[in-house]
file model-v4.cif (mmCIF, C-alpha atoms)
data_protein
#
loop_
_atom_site.label_atom_id
_atom_site.label_comp_id
_atom_site.auth_asym_id
_atom_site.auth_seq_id
_atom_site.Cartn_x
_atom_site.Cartn_y
_atom_site.Cartn_z
CA MET A 1 -29.00 9.72 49.03
CA GLU A 2 -31.21 8.30 51.79
CA ARG A 3 -30.62 4.74 52.98
CA LEU A 4 -33.51 2.33 52.46
CA VAL A 5 -32.18 -0.30 54.88
CA PRO A 6 -30.18 0.04 58.09
CA SER A 7 -26.51 -0.85 58.17
CA LEU A 8 -25.61 -4.47 58.76
CA GLN A 9 -23.54 -3.40 61.79
CA ALA A 10 -26.56 -1.70 63.37
CA ALA A 11 -28.78 -4.73 62.74
CA GLU A 12 -26.13 -7.07 64.17
CA ALA A 13 -25.85 -4.84 67.24
CA PHE A 14 -29.62 -4.84 67.70
CA LEU A 15 -29.82 -8.64 67.50
CA ALA A 16 -27.01 -9.11 70.00
CA VAL A 17 -28.52 -6.70 72.52
CA ALA A 18 -32.04 -8.07 72.05
CA ARG A 19 -30.86 -11.61 72.69
CA ALA A 20 -28.63 -10.73 75.65
CA SER A 21 -30.89 -8.03 77.18
CA SER A 22 -27.63 -6.42 78.23
CA LEU A 23 -25.47 -3.88 76.47
CA ARG A 24 -22.37 -5.02 78.35
CA VAL A 25 -22.87 -8.72 77.55
CA ALA A 26 -23.65 -8.02 73.88
CA ALA A 27 -20.65 -5.69 73.58
CA LYS A 28 -18.37 -8.43 74.91
CA GLN A 29 -19.84 -10.94 72.45
CA LEU A 30 -19.21 -8.54 69.54
CA ALA A 31 -15.78 -7.44 70.82
CA LEU A 32 -16.92 -3.81 71.04
CA SER A 33 -16.96 -1.28 73.83
CA PRO A 34 -20.39 -0.72 75.38
CA SER A 35 -20.32 2.89 74.14
CA ALA A 36 -19.59 1.80 70.55
CA LEU A 37 -22.43 -0.71 70.71
CA SER A 38 -24.74 1.92 72.18
CA ARG A 39 -23.93 4.25 69.26
CA ARG A 40 -24.87 1.49 66.79
CA ILE A 41 -28.19 0.97 68.56
CA GLN A 42 -28.80 4.73 68.54
CA THR A 43 -28.07 4.81 64.80
CA LEU A 44 -30.68 2.10 64.23
CA GLU A 45 -33.22 3.87 66.46
CA ASP A 46 -32.61 7.07 64.48
CA PHE A 47 -33.15 5.10 61.27
CA VAL A 48 -36.48 3.63 62.39
CA GLY A 49 -37.51 6.86 64.11
CA ALA A 50 -38.39 5.41 67.50
CA PRO A 51 -36.81 3.70 70.51
CA LEU A 52 -36.34 -0.06 70.17
CA PHE A 53 -35.40 -0.53 73.83
CA ARG A 54 -36.49 0.87 77.16
CA ARG A 55 -33.47 1.60 79.29
CA MET A 56 -34.06 0.18 82.78
CA PRO A 57 -31.71 0.00 85.77
CA SER A 58 -31.71 -3.79 85.42
CA GLY A 59 -30.97 -3.77 81.69
CA LEU A 60 -32.67 -3.18 78.38
CA ILE A 61 -36.20 -4.24 77.53
CA LEU A 62 -37.53 -4.34 73.98
CA THR A 63 -40.30 -1.88 73.20
CA GLU A 64 -43.33 -3.06 71.24
CA LEU A 65 -41.66 -1.77 68.07
CA GLY A 66 -38.43 -3.51 69.10
CA CYS A 67 -40.30 -6.82 69.46
CA ARG A 68 -41.84 -6.45 66.00
CA TYR A 69 -38.51 -5.45 64.47
CA LEU A 70 -36.78 -8.44 66.09
CA ALA A 71 -39.43 -10.80 64.68
CA ASP A 72 -39.03 -9.24 61.24
CA ILE A 73 -35.27 -9.57 61.02
CA GLU A 74 -34.87 -12.97 62.68
#

call {"tool": "encode", "arguments": {"input": "model-v4.cif", "output": "structure tokens"}}
result
Amino acid sequence: MERLVPSLQAAEAFLAVARASSLRVAAKQLALSPSALSRRIQTLEDFVGAPLFRRMPSGLILTELGCRYLADIE
């Protein structure tokens, strides 16, 4: 059976990273390892079918889709 909504954990991970603009900071806030948090973000990106963040050397930046998704779930 196909999921119609993403998991709550993936949405929570997305919100934390979007607000912090940093995987490491968001992981600390959620008491997760950065790799575990990254997997949750990847799960959400797989669910929506597109990247929600651009990975930059200075941190993560929301894509246009990521900005729209953030507005929708806040």

call {"tool": "residues_around", "arguments": {"input": "model-v4.cif", "residues": "A:Arg55", "least_positions_apart": "5", "cutoff": "12 Å", "atoms": "all atoms listed in the file", "output": "PyMOL selection string"}}
result
chain A and resi 17+21-23+38+41+60-63

call {"tool": "atom_distance", "arguments": {"input": "model-v4.cif", "atom1": "atom CA of A:Arg68", "atom2": "atom CA of A:Val48"}}
result
12.0 Å

call {"tool": "resolve_selection", "arguments": {"input": "model-v4.cif", "expression": "the PyMOL selection byres ((chain A and resi 10) around 9)", "output": "list in words"}}
result
Pro6, Ser7, Leu8, Gln9, Ala11, Glu12, Ala13, Phe14, Leu15, Leu37, Arg39, Arg40, Ile41, Gln42, Thr43 and Leu44 of chain A

call {"tool": "atom_distance", "arguments": {"input": "model-v4.cif", "atom1": "atom CA of A:Leu30", "atom2": "atom CA of A:Ala50"}}
result
23.8 Å

call {"tool": "atom_distance", "arguments": {"input": "model-v4.cif", "atom1": "atom CA of A:Arg24", "atom2": "atom CA of A:Leu4"}}
result
29.1 Å

call {"tool": "resolve_selection", "arguments": {"input": "model-v4.cif", "expression": "the PyMOL selection byres ((chain A and resi 71) around 12)", "output": "ChimeraX atom specification"}}
result
/A:14-15,18-19,62,64-70,72-74

call {"tool": "axis_aligned_box", "arguments": {"input": "model-v4.cif", "around": "stretch 1-18 of chain A", "padding_each_side": "5 Å", "output": "lines of an AutoDock Vina configuration file"}}
result
center_x = -28.5
center_y = 0.3
center_z = 60.8
size_x = 20.0
size_y = 28.8
size_z = 33.5
